[in-house]
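Containing mmCIF, C-alpha atoms: start-v8.cif.
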```cif
data_start
#
loop_
_atom_site.label_atom_id
_atom_site.label_comp_id
_atom_site.auth_asym_id
_atom_site.auth_seq_id
_atom_site.Cartn_x
_atom_site.Cartn_y
_atom_site.Cartn_z
CA MET U 1 -7.60 5.67 -6.23
CA THR U 2 -8.34 9.40 -5.93
CA ALA U 3 -7.18 11.55 -8.81
CA LEU U 4 -7.20 14.89 -6.95
CA PRO U 5 -3.46 14.99 -6.05
CA ALA U 6 -2.53 14.16 -9.65
CA LEU U 7 -4.88 16.87 -10.93
CA LEU U 8 -3.37 19.34 -8.48
CA LEU U 9 0.14 18.38 -9.62
CA CYS U 10 -0.70 18.77 -13.32
CA GLY U 11 -2.64 21.97 -12.72
CA ALA U 12 0.18 23.48 -10.68
CA MET U 13 2.75 22.62 -13.34
CA VAL U 14 0.66 24.23 -16.08
CA ALA U 15 -0.10 27.30 -13.97
CA GLN U 16 3.52 27.85 -12.90
CA ALA U 17 4.64 27.58 -16.53
CA ILE U 18 2.07 30.21 -17.57
CA VAL U 19 2.76 32.55 -14.63
CA PRO U 20 6.40 31.85 -13.65
CA ARG U 21 6.57 34.86 -11.32
CA ARG U 22 3.97 33.23 -9.08
CA ARG U 23 5.31 29.70 -9.34
CA VAL U 24 6.26 29.34 -5.67
CA ALA U 25 2.87 30.48 -4.40
CA ILE U 26 1.09 28.27 -6.94
CA VAL U 27 3.00 25.11 -6.06
CA LEU U 28 2.86 25.76 -2.30
CA LEU U 29 -0.92 26.16 -2.46
CA ALA U 30 -1.32 23.03 -4.59
CA ALA U 31 0.88 21.07 -2.18
CA ALA U 32 -1.14 22.26 0.82
CA LEU U 33 -4.40 21.22 -0.84
CA ALA U 34 -2.93 17.84 -1.79
CA VAL U 35 -1.76 17.26 1.79
CA LEU U 36 -5.21 18.24 3.08
CA GLU U 37 -6.92 15.73 0.76
CA THR U 38 -4.38 12.99 1.54
CA THR U 39 -4.70 13.36 5.31
CA ILE U 40 -8.51 13.57 5.24
CA ASP U 41 -8.62 10.44 3.06
CA GLY U 42 -6.34 8.69 5.55
CA ARG U 43 -3.71 7.56 3.03
CA ALA U 44 -0.86 9.29 4.88
CA SER U 45 -0.29 11.77 7.68
CA MET U 46 1.42 15.13 7.43
CA ARG U 47 4.41 13.70 9.32
CA VAL U 48 4.77 10.85 6.83
CA LEU U 49 4.52 13.16 3.81
CA VAL U 50 7.10 15.60 5.15
CA GLY U 51 9.33 12.72 6.22
CA GLY U 52 9.21 11.39 2.66
CA ILE U 53 10.81 14.52 1.23
CA PRO U 54 14.30 13.74 -0.12
CA TRP U 55 16.11 16.11 2.23
CA ASP U 56 19.42 14.71 1.00
CA VAL U 57 18.70 16.19 -2.43
CA LEU U 58 17.85 19.59 -0.94
CA ILE U 59 21.07 19.54 1.10
CA LEU U 60 23.06 18.81 -2.05
CA LEU U 61 21.34 21.59 -3.97
CA VAL U 62 21.89 24.21 -1.27
CA ALA U 63 25.52 23.18 -0.69
CA LEU U 64 26.39 23.13 -4.39
CA GLY U 65 24.58 26.45 -4.83
CA ALA U 66 26.81 27.98 -2.16
CA LEU U 67 29.89 26.56 -3.88
CA SER U 68 28.71 27.98 -7.21
CA GLU U 69 28.38 31.38 -5.59
CA LEU U 70 32.00 31.21 -4.44
CA PHE U 71 33.14 30.47 -7.98
CA ARG U 72 30.99 33.32 -9.21
CA GLY U 73 32.50 35.67 -6.65
CA SER U 74 36.02 34.61 -7.65
CA ARG U 75 35.28 35.84 -11.21
CA LEU U 76 37.16 32.87 -12.67
CA PHE U 77 34.56 32.14 -15.33
CA GLU U 78 34.30 35.81 -16.26
CA ARG U 79 38.03 35.79 -16.87
CA LEU U 80 37.71 32.64 -18.97
CA ALA U 81 34.79 34.19 -20.86
CA VAL U 82 36.86 37.25 -21.78
CA ALA U 83 39.69 34.99 -22.98
CA VAL U 84 37.32 32.84 -25.05
CA VAL U 85 35.43 35.77 -26.56
CA THR U 86 38.55 37.71 -27.48
CA ARG U 87 40.16 34.66 -29.06
CA GLY U 88 37.09 33.71 -31.05
CA GLY U 89 35.77 37.19 -31.79
CA ALA U 90 37.42 37.53 -35.19
CA ASN U 91 35.64 34.40 -36.46
CA PRO U 92 31.90 34.02 -35.67
CA THR U 93 31.93 30.24 -36.18
CA ARG U 94 34.93 29.76 -33.94
CA LEU U 95 33.31 32.03 -31.36
CA VAL U 96 30.19 29.83 -31.22
CA LEU U 97 32.29 26.68 -30.79
CA MET U 98 34.51 28.15 -28.07
CA VAL U 99 31.58 29.61 -26.13
CA ALA U 100 29.75 26.27 -26.36
CA VAL U 101 32.72 24.40 -24.92
CA LEU U 102 33.09 26.94 -22.11
CA MET U 103 29.39 26.72 -21.22
CA TYR U 104 29.48 22.91 -21.28
CA VAL U 105 32.46 22.76 -18.92
CA ALA U 106 31.16 25.48 -16.60
CA SER U 107 27.70 23.92 -16.31
CA ALA U 108 29.23 20.57 -15.40
CA PHE U 109 30.37 22.08 -12.08
CA VAL U 110 28.16 25.11 -11.38
CA ASN U 111 24.45 25.55 -12.02
CA ASN U 112 23.24 26.77 -15.41
CA LEU U 113 22.10 30.17 -14.17
CA THR U 114 25.50 30.95 -12.67
CA ALA U 115 27.31 29.82 -15.82
CA LEU U 116 25.11 31.98 -18.04
CA LEU U 117 25.37 35.04 -15.79
CA LEU U 118 29.15 34.89 -15.92
CA VAL U 119 29.66 34.26 -19.64
CA MET U 120 26.81 35.91 -21.51
CA PRO U 121 27.43 39.57 -20.58
CA VAL U 122 30.89 39.43 -22.15
CA LEU U 123 29.49 37.81 -25.29
CA LEU U 124 26.75 40.44 -25.64
CA VAL U 125 29.32 43.23 -25.39
CA LEU U 126 31.26 41.67 -28.25
CA LEU U 127 28.16 41.17 -30.41
CA ARG U 128 27.08 44.76 -29.83
CA LEU U 129 30.49 46.04 -30.94
CA VAL U 130 31.22 43.74 -33.88
CA GLY U 131 27.63 43.51 -35.13
CA THR U 132 25.32 40.54 -35.52
CA THR U 133 22.11 39.42 -37.21
CA GLN U 134 18.87 37.98 -35.91
CA ARG U 135 19.76 34.51 -37.17
CA HIS U 136 23.31 34.60 -35.78
CA LEU U 137 22.23 35.87 -32.37
CA THR U 138 19.43 33.31 -32.11
CA TRP U 139 21.63 30.34 -32.85
CA THR U 140 24.56 31.61 -30.76
CA VAL U 141 22.43 32.02 -27.63
CA ALA U 142 20.59 28.76 -28.36
CA VAL U 143 23.90 26.90 -28.58
CA MET U 144 24.84 28.36 -25.19
CA LEU U 145 21.60 27.14 -23.62
CA VAL U 146 21.87 23.65 -25.11
CA ALA U 147 25.51 23.46 -23.98
CA CYS U 148 24.36 24.44 -20.47
CA ASN U 149 21.79 21.64 -20.45
CA LEU U 150 24.23 19.03 -21.72
CA GLY U 151 26.99 20.14 -19.36
CA GLY U 152 24.57 20.00 -16.44
CA ALA U 153 23.60 16.45 -17.41
CA ALA U 154 27.22 15.34 -17.88
CA THR U 155 28.11 15.11 -14.19
CA PRO U 156 26.15 14.13 -11.07
CA ILE U 157 26.55 17.65 -9.63
CA GLY U 158 25.78 19.74 -12.71
CA ASP U 159 22.02 20.26 -12.58
CA PHE U 160 18.92 19.21 -10.64
CA PRO U 161 18.03 15.96 -12.51
CA ALA U 162 21.52 14.53 -12.04
CA ILE U 163 21.71 15.75 -8.43
CA LEU U 164 18.35 14.08 -7.77
CA LEU U 165 19.67 10.75 -9.05
CA LEU U 166 22.79 11.07 -6.90
CA GLY U 167 20.97 12.24 -3.79
CA ALA U 168 18.23 9.63 -4.08
CA GLY U 169 20.84 6.88 -4.29
CA ALA U 170 19.56 5.76 -7.69
CA MET U 171 23.11 5.75 -9.10
CA SER U 172 26.61 6.12 -7.72
CA PHE U 173 28.79 9.09 -8.63
CA ASN U 174 31.16 7.01 -10.75
CA ALA U 175 28.45 5.04 -12.54
CA TYR U 176 26.58 8.17 -13.57
CA LEU U 177 29.71 10.02 -14.69
CA ALA U 178 31.02 7.07 -16.71
CA ALA U 179 27.75 6.70 -18.60
CA ALA U 180 26.47 10.27 -18.92
CA ALA U 181 29.64 12.20 -19.78
CA PRO U 182 30.40 10.35 -23.07
CA LEU U 183 26.74 10.45 -24.13
CA THR U 184 26.38 14.18 -23.53
CA LEU U 185 29.66 14.80 -25.35
CA LEU U 186 28.32 12.78 -28.29
CA ALA U 187 25.10 14.80 -28.35
CA MET U 188 27.08 18.04 -28.02
CA ALA U 189 29.37 17.11 -30.90
CA ALA U 190 26.42 16.14 -33.12
CA PHE U 191 24.61 19.40 -32.35
CA LEU U 192 27.66 21.57 -33.05
CA ILE U 193 28.46 19.72 -36.28
CA VAL U 194 24.93 20.24 -37.61
CA VAL U 195 24.88 23.90 -36.55
CA THR U 196 28.27 24.80 -38.04
CA THR U 197 28.03 22.75 -41.26
CA LEU U 198 24.34 22.78 -42.19
CA VAL U 199 22.73 25.72 -40.38
CA ARG U 200 25.80 27.98 -40.64
CA PRO U 201 24.35 30.92 -38.66
CA ALA U 202 27.50 32.99 -39.18
CA SER U 203 27.11 32.97 -42.97
CA ASP U 204 25.17 36.25 -43.06
CA VAL U 205 27.36 38.12 -40.57
CA PRO U 206 29.50 40.77 -42.28
CA GLN U 207 33.13 40.18 -41.39
CA SER U 208 35.93 42.71 -41.35
CA ALA U 209 39.37 41.87 -40.03
CA LEU U 210 39.96 45.47 -38.99
CA MET U 211 36.62 45.74 -37.20
CA SER U 212 37.13 42.41 -35.46
CA ASN U 213 40.57 43.42 -34.22
CA VAL U 214 39.27 46.75 -32.95
CA THR U 215 36.36 45.03 -31.21
CA VAL U 216 38.60 42.51 -29.48
CA ALA U 217 40.82 45.34 -28.30
CA VAL U 218 37.81 47.19 -26.91
CA VAL U 219 36.55 44.10 -25.05
CA ARG U 220 39.97 43.61 -23.51
CA ALA U 221 40.11 47.26 -22.49
CA LEU U 222 36.66 47.10 -20.90
CA HIS U 223 37.71 44.12 -18.78
CA ARG U 224 41.33 45.07 -18.15
CA ASN U 225 40.70 45.52 -14.43
CA LEU U 226 39.04 42.12 -14.07
CA ARG U 227 40.99 40.12 -11.52
CA VAL U 228 40.43 36.63 -10.19
CA ASP U 229 39.84 36.67 -6.43
CA VAL U 230 42.17 33.95 -5.17
CA ARG U 231 40.73 34.28 -1.64
CA LEU U 232 37.59 32.65 -2.99
CA LEU U 233 39.01 30.62 -5.86
CA LEU U 234 41.56 28.58 -3.91
CA PRO U 235 39.19 27.35 -1.15
CA ALA U 236 36.39 26.73 -3.66
CA THR U 237 38.65 24.80 -6.05
CA GLY U 238 40.28 22.81 -3.26
CA GLY U 239 36.95 22.02 -1.63
CA LEU U 240 35.37 20.93 -4.90
CA ALA U 241 38.36 18.73 -5.74
CA LEU U 242 38.21 17.11 -2.31
CA MET U 243 34.46 16.48 -2.58
CA LEU U 244 34.81 15.06 -6.10
CA ALA U 245 37.56 12.71 -4.92
CA THR U 246 35.45 11.59 -1.95
CA TRP U 247 32.39 10.97 -4.11
CA ALA U 248 34.50 8.98 -6.56
CA LEU U 249 36.53 6.92 -4.09
CA VAL U 250 34.36 6.43 -0.99
CA PRO U 251 31.22 4.28 -1.33
CA ALA U 252 27.96 6.15 -0.78
CA SER U 253 26.98 3.54 1.81
CA THR U 254 29.95 4.65 3.92
CA LEU U 255 29.75 8.39 3.32
CA PRO U 256 26.54 9.61 1.62
CA PRO U 257 26.97 12.29 -1.08
CA GLU U 258 24.88 14.84 0.81
CA LEU U 259 27.02 14.43 3.94
CA VAL U 260 30.16 15.00 1.87
CA ALA U 261 28.66 18.26 0.61
CA TRP U 262 27.48 19.22 4.10
CA LEU U 263 30.99 18.72 5.49
CA GLY U 264 32.85 20.21 2.54
CA VAL U 265 31.04 23.49 1.95
CA PRO U 266 31.20 24.83 5.55
CA LEU U 267 34.90 23.97 5.57
CA VAL U 268 35.37 25.93 2.35
CA LEU U 269 33.49 28.89 3.84
CA LEU U 270 35.72 28.85 6.92
CA LEU U 271 38.83 28.86 4.76
CA ALA U 272 37.48 31.67 2.59
CA GLY U 273 36.84 33.84 5.65
CA GLY U 274 34.70 36.95 5.53
CA ALA U 275 34.89 37.16 1.75
CA GLY U 276 33.34 33.72 1.47
CA VAL U 277 30.51 34.54 3.86
CA ARG U 278 29.70 37.74 1.96
CA ALA U 279 29.74 35.91 -1.37
CA VAL U 280 27.37 33.21 -0.16
CA ARG U 281 24.81 35.38 1.66
CA ALA U 282 22.70 35.47 -1.48
CA ALA U 283 23.53 31.92 -2.55
CA VAL U 284 20.76 30.10 -0.70
CA ASP U 285 17.91 30.54 -3.15
CA VAL U 286 14.94 30.42 -0.78
CA GLU U 287 12.47 30.60 -3.66
CA SER U 288 13.91 27.55 -5.43
CA THR U 289 14.17 25.63 -2.16
CA LEU U 290 10.52 26.32 -1.30
CA PHE U 291 9.48 25.39 -4.85
CA LEU U 292 11.26 22.04 -4.65
CA PHE U 293 9.95 21.42 -1.13
CA ALA U 294 6.37 21.89 -2.31
CA LEU U 295 7.02 19.88 -5.46
CA PHE U 296 8.34 16.90 -3.49
CA VAL U 297 5.30 17.06 -1.19
CA LEU U 298 2.99 17.08 -4.22
CA VAL U 299 4.78 14.11 -5.74
CA GLY U 300 4.58 12.31 -2.39
CA CYS U 301 0.82 12.85 -2.26
CA VAL U 302 0.42 11.47 -5.77
CA ARG U 303 2.58 8.49 -4.82
CA THR U 304 0.14 7.57 -2.02
CA THR U 305 -2.59 7.09 -4.64
CA GLY U 306 -0.56 4.38 -6.38
CA MET U 307 -0.70 6.28 -9.67
CA PHE U 308 3.04 6.13 -10.33
CA ASP U 309 3.12 2.38 -9.69
CA SER U 310 0.16 2.02 -12.03
CA MET U 311 1.96 3.99 -14.75
CA ALA U 312 5.02 1.76 -14.42
CA ASP U 313 2.83 -1.36 -14.56
CA GLN U 314 1.08 -0.06 -17.69
CA LEU U 315 4.41 0.60 -19.37
CA LEU U 316 5.61 -2.89 -18.52
CA ALA U 317 2.32 -4.34 -19.78
CA LEU U 318 2.79 -2.88 -23.26
CA PRO U 319 3.09 -5.68 -25.86
CA LEU U 320 6.67 -4.64 -26.61
CA PRO U 321 10.15 -5.94 -25.77
CA PRO U 322 11.61 -4.40 -22.57
CA ARG U 323 13.97 -2.11 -24.48
CA ALA U 324 11.10 -0.83 -26.62
CA GLN U 325 9.11 -0.12 -23.46
CA LEU U 326 12.05 1.94 -22.22
CA VAL U 327 12.11 3.86 -25.51
CA VAL U 328 8.43 4.75 -25.02
CA PHE U 329 9.22 5.95 -21.50
CA ALA U 330 12.19 8.02 -22.71
CA LEU U 331 10.17 9.72 -25.45
CA ALA U 332 7.33 10.49 -23.04
CA ALA U 333 9.81 11.88 -20.51
CA GLY U 334 11.33 14.19 -23.11
CA LEU U 335 7.98 15.58 -24.23
CA LEU U 336 6.68 16.02 -20.68
CA THR U 337 9.85 17.89 -19.73
CA GLY U 338 9.41 20.18 -22.71
CA LEU U 339 5.96 21.06 -21.39
CA PHE U 340 6.62 21.23 -17.64
CA SER U 341 10.42 21.89 -17.40
CA ALA U 342 13.14 19.71 -15.90
CA GLY U 343 12.52 20.01 -12.15
CA PRO U 344 8.87 18.97 -11.96
CA SER U 345 9.22 16.31 -14.66
CA MET U 346 12.27 14.69 -13.10
CA ALA U 347 10.74 14.63 -9.62
CA ALA U 348 7.62 12.86 -10.88
CA LEU U 349 9.20 10.60 -13.50
CA LEU U 350 11.91 9.31 -11.18
CA VAL U 351 9.20 7.49 -9.23
CA VAL U 352 8.04 5.79 -12.43
CA ALA U 353 11.65 5.02 -13.37
CA GLN U 354 12.19 3.32 -10.02
CA GLY U 355 9.27 1.05 -10.85
CA LEU U 356 10.74 0.23 -14.25
CA ALA U 357 14.14 -0.45 -12.67
CA HIS U 358 12.68 -3.51 -10.93
CA THR U 359 12.48 -5.35 -14.25
CA LEU U 360 14.90 -3.38 -16.46
CA PRO U 361 18.58 -2.55 -15.77
CA GLY U 362 18.57 0.37 -13.32
CA GLU U 363 21.54 2.19 -14.84
CA VAL U 364 20.02 2.02 -18.32
CA VAL U 365 16.68 3.35 -17.07
CA TYR U 366 18.12 6.25 -15.07
CA ILE U 367 20.55 7.43 -17.74
CA ALA U 368 17.78 7.27 -20.34
CA LEU U 369 15.64 9.40 -18.04
CA ALA U 370 18.41 11.95 -17.44
CA LEU U 371 19.13 12.30 -21.17
CA SER U 372 15.44 12.58 -22.03
CA VAL U 373 14.92 15.29 -19.41
CA CYS U 374 17.94 17.09 -20.89
CA ALA U 375 16.38 16.80 -24.36
CA GLY U 376 13.04 18.09 -23.12
CA SER U 377 14.63 21.03 -21.33
CA SER U 378 16.20 21.99 -24.67
CA LEU U 379 12.94 21.78 -26.63
CA PHE U 380 11.30 25.07 -25.61
CA LEU U 381 12.77 28.24 -24.17
CA THR U 382 10.36 28.00 -21.23
CA ALA U 383 11.63 24.50 -20.38
CA ALA U 384 15.30 25.48 -20.23
CA THR U 385 16.50 26.37 -16.73
CA ALA U 386 18.36 29.42 -17.98
CA GLY U 387 15.99 30.22 -20.86
CA PRO U 388 14.03 33.11 -19.32
CA LEU U 389 17.28 34.59 -17.97
CA ALA U 390 18.89 34.50 -21.43
CA GLN U 391 15.80 36.10 -22.96
CA GLY U 392 15.89 38.94 -20.44
CA MET U 393 19.61 39.57 -20.92
CA VAL U 394 19.22 39.80 -24.70
CA GLU U 395 16.26 42.16 -24.37
CA ARG U 396 18.22 44.46 -22.04
CA ALA U 397 21.20 44.47 -24.41
CA LEU U 398 19.07 46.28 -27.07
CA LEU U 399 20.97 44.71 -29.96
CA ARG U 400 20.20 45.84 -33.50
CA ALA U 401 20.95 44.38 -36.91
CA GLY U 402 22.82 46.25 -39.63
CA ASP U 403 19.57 47.74 -40.99
CA GLY U 404 18.62 49.06 -37.56
CA SER U 405 15.89 46.49 -36.84
CA PRO U 406 15.80 45.22 -33.24
CA ILE U 407 17.16 41.75 -32.56
CA ARG U 408 14.99 39.60 -30.33
CA PHE U 409 15.35 36.29 -28.57
CA GLY U 410 12.19 34.65 -27.32
CA PHE U 411 9.99 31.58 -27.44
CA PHE U 412 9.44 31.55 -31.21
CA GLU U 413 13.04 32.40 -32.10
CA PHE U 414 14.19 29.39 -30.06
CA LEU U 415 11.82 26.90 -31.70
CA LYS U 416 14.11 25.77 -34.54
CA PRO U 417 17.30 25.40 -32.46
CA GLY U 418 15.27 23.77 -29.68
CA ALA U 419 13.67 21.25 -32.04
CA LEU U 420 17.07 20.33 -33.48
CA ALA U 421 18.59 19.90 -30.02
CA PHE U 422 15.63 17.81 -28.86
CA VAL U 423 15.84 15.45 -31.82
CA LEU U 424 19.59 14.93 -31.45
CA ILE U 425 19.69 14.52 -27.66
CA GLU U 426 16.57 12.34 -27.60
CA GLY U 427 18.11 10.33 -30.42
CA VAL U 428 21.14 9.64 -28.23
CA ALA U 429 18.79 8.66 -25.38
CA VAL U 430 16.89 6.23 -27.62
CA ALA U 431 20.14 4.74 -28.92
CA TRP U 432 21.22 4.25 -25.30
CA CYS U 433 17.93 2.50 -24.51
CA VAL U 434 18.44 0.07 -27.38
CA LEU U 435 22.20 -0.48 -27.38
CA ALA U 436 23.34 -0.12 -23.75
CA LYS U 437 24.83 -3.29 -22.34
CA THR U 438 23.39 -4.69 -19.14
#
```

Please express what this file holds, its structure, as structure tokens.
Amino acid sequence: MTALPALLLCGAMVAQAIVPRRRVAIVLLAAALAVLETTIDGRASMRVLVGGIPWDVLILLVALGALSELFRGSRLFERLAVAVVTRGGANPTRLVLMVAVLMYVASAFVNNLTALLLVMPVLLVLLRLVGTTQRHLTWTVAVMLVACNLGGAATPIGDFPAILLLGAGAMSFNAYLAAAAPLTLLAMAAFLIVVTTLVRPASDVPQSALMSNVTVAVVRALHRNLRVDVRLLLPATGGLALMLATWALVPASTLPPELVAWLGVPLVLLLAGGAGVRAVRAAVDVESTLFLFALFVLVGCVRTTGMFDSMADQLLALPLPPRAQLVVFALAAGLLTGLFSAGPSMAALLVVAQGLAHTLPGEVVYIALALSVCAGSSLFLTAATAGPLAQGMVERALLRAGDGSPIRFGFFEFLKPGALAFVLIEGVAVAWCVLAKT
């Protein structure tokens, strides 16, 4: 068994984490080298490797990305963000809770980046006007990111790991939703309870009823001309509702999830007319699509070496009960995701999970994997899908504390909130591994 494809995969994941701006070029080059080695060694041809790419997953990602862009263009979530921020602005603790709920719900239906781009600017305007502290800002933004991760894991269409499970046929829409939604809500509730009762980040924020009222009035005035574009909202909402109903009611064997998305999104674009086409022109993220294409090729090359099957066999050979073996897998998945981020980890670990699902209950294995990937993506700022974006938005906001010192949000500021989120979400994953009924 040659180790070169695995070394290329690991090396590419480390390099793209260190130099994220070059991640597409890095992974494409690593994939090309892995394909070269695999074809020369005779384990698989180029045609076989490309044919093994889960195109259904890529179709789902592109289609749902286009739908997210329509919701973004409709400005619905911006309107909701203004309503949430103005209602919670007078009370910092209530503001954190309301923003967390909004981010969780938004990320369940649109990707994390879109949700953050729509909500965070309004929040930063409020914090600039009413005043904040380093501790309050850190925990508020961290709560938003964790809520994004949990919301994305709550539904089969929220974020890449869940979409991968749906597109690969590992779980049905209903089975994933029924298991993941309550577990992510439990983790979300535990995280918010600890933050608001033990951490209490709002405790050092000076509060003034007059200042809060003035600030809320200013935020409303700044966004008074914000209008929801019904030309985009109605087709997008109707199309999403129709696709959700189809996924829930029609078996995947009759109508695959990716075909539902392929049929639904073009229909939505036709109904939205020119406004829909203009809104979606930038929706197809070529960079992300190329990254995932190369990643799937890399994983396919590693699969030809038998390494993933060997890893699954080694896990099953551990002198532990089956549920304890699954706990080991879940913990390893969480830590690997923290190091390499959700996309690469999920793509590689799903192959191992499929091996474990031959002897352990498939639903238990896949939900444990999804929760562990969610935990890992909350561990470090670099692992969170929207982490670098949030960091950049805070830096550009140029927020300052009451004493004039600059307020920052970066890798080290996120460590404490990330560690707390990881422990709580991974704890829910471990409990699921042990207690889930087969």

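When all atoms listed in the file are used to compute distances to U:Gly362, the closest of the residues U:Val141, U:Ala100, U:Ile18, U:Ala175 turns out to be U:Ala175.
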
**Q.** Gap from atom CA of U:Arg128 to atom CA of U:Gly402 - Å, one decimal
**A.** 10.8 Å

Q.
Could you list, as number ranges by chain, every residue within 7 Å of U:Ala294, counting all atoms listed in the file and ignoring same-chain residues fewer than 5 positions away?
A. U: 27-28, 31

Given the PyMOL selection byres ((chain U and resi 406) around 12), the residues it picks as a PDB file with C-alpha atoms, in the frame of the given file:
```pdb
ATOM      1  CA  ARG U 128      27.080  44.760 -29.830  1.00  0.00           C
ATOM      2  CA  THR U 132      25.320  40.540 -35.520  1.00  0.00           C
ATOM      3  CA  THR U 133      22.110  39.420 -37.210  1.00  0.00           C
ATOM      4  CA  GLN U 134      18.870  37.980 -35.910  1.00  0.00           C
ATOM      5  CA  LEU U 137      22.230  35.870 -32.370  1.00  0.00           C
ATOM      6  CA  VAL U 394      19.220  39.800 -24.700  1.00  0.00           C
ATOM      7  CA  GLU U 395      16.260  42.160 -24.370  1.00  0.00           C
ATOM      8  CA  ARG U 396      18.220  44.460 -22.040  1.00  0.00           C
ATOM      9  CA  ALA U 397      21.200  44.470 -24.410  1.00  0.00           C
ATOM     10  CA  LEU U 398      19.070  46.280 -27.070  1.00  0.00           C
ATOM     11  CA  LEU U 399      20.970  44.710 -29.960  1.00  0.00           C
ATOM     12  CA  ARG U 400      20.200  45.840 -33.500  1.00  0.00           C
ATOM     13  CA  ALA U 401      20.950  44.380 -36.910  1.00  0.00           C
ATOM     14  CA  GLY U 402      22.820  46.250 -39.630  1.00  0.00           C
ATOM     15  CA  ASP U 403      19.570  47.740 -40.990  1.00  0.00           C
ATOM     16  CA  GLY U 404      18.620  49.060 -37.560  1.00  0.00           C
ATOM     17  CA  SER U 405      15.890  46.490 -36.840  1.00  0.00           C
ATOM     18  CA  ILE U 407      17.160  41.750 -32.560  1.00  0.00           C
ATOM     19  CA  ARG U 408      14.990  39.600 -30.330  1.00  0.00           C
ATOM     20  CA  PHE U 409      15.350  36.290 -28.570  1.00  0.00           C
TER      21      PHE U 409
END
```

**Q.** Separation of atom CA of U:Leu290 from atom CA of U:Thr382 in Å
**A.** 20.0 Å

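You will find atom CA of U:Asn174 at 7.8 Å from atom CA of U:Trp247.
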
Written coordinates, C-alpha atoms of stretch 342-375 of chain U as an mmCIF file, in the first residue's frame:
```
data_model
loop_
_atom_site.group_PDB
_atom_site.id
_atom_site.type_symbol
_atom_site.label_atom_id
_atom_site.label_comp_id
_atom_site.auth_asym_id
_atom_site.auth_seq_id
_atom_site.Cartn_x
_atom_site.Cartn_y
_atom_site.Cartn_z
ATOM 1 C CA ALA U 342 -14.984 20.716 8.177
ATOM 2 C CA GLY U 343 -14.826 20.156 4.411
ATOM 3 C CA PRO U 344 -11.616 18.134 4.142
ATOM 4 C CA SER U 345 -12.266 16.202 7.354
ATOM 5 C CA MET U 346 -15.806 15.235 6.419
ATOM 6 C CA ALA U 347 -14.829 14.136 2.922
ATOM 7 C CA ALA U 348 -12.122 11.819 4.267
ATOM 8 C CA LEU U 349 -13.854 10.595 7.419
ATOM 9 C CA LEU U 350 -17.096 9.707 5.647
ATOM 10 C CA VAL U 351 -15.223 6.894 3.902
ATOM 11 C CA VAL U 352 -14.113 5.539 7.289
ATOM 12 C CA ALA U 353 -17.641 5.980 8.659
ATOM 13 C CA GLN U 354 -19.046 3.927 5.785
ATOM 14 C CA GLY U 355 -16.711 1.124 6.832
ATOM 15 C CA LEU U 356 -17.872 1.361 10.445
ATOM 16 C CA ALA U 357 -21.512 1.374 9.321
ATOM 17 C CA HIS U 358 -21.134 -2.226 8.140
ATOM 18 C CA THR U 359 -20.965 -3.422 11.750
ATOM 19 C CA LEU U 360 -22.480 -0.493 13.687
ATOM 20 C CA PRO U 361 -25.884 1.180 13.135
ATOM 21 C CA GLY U 362 -25.458 3.495 10.143
ATOM 22 C CA GLU U 363 -27.640 6.307 11.484
ATOM 23 C CA VAL U 364 -25.760 6.353 14.785
ATOM 24 C CA VAL U 365 -22.384 6.460 13.021
ATOM 25 C CA TYR U 366 -23.294 9.234 10.576
ATOM 26 C CA ILE U 367 -24.967 11.502 13.132
ATOM 27 C CA ALA U 368 -22.006 11.043 15.477
ATOM 28 C CA LEU U 369 -19.716 12.059 12.616
ATOM 29 C CA ALA U 370 -21.808 15.123 11.722
ATOM 30 C CA LEU U 371 -21.901 16.323 15.344
ATOM 31 C CA SER U 372 -18.180 15.719 15.820
ATOM 32 C CA VAL U 373 -17.352 17.666 12.667
ATOM 33 C CA CYS U 374 -19.584 20.464 13.975
ATOM 34 C CA ALA U 375 -17.702 20.380 17.290
#
```
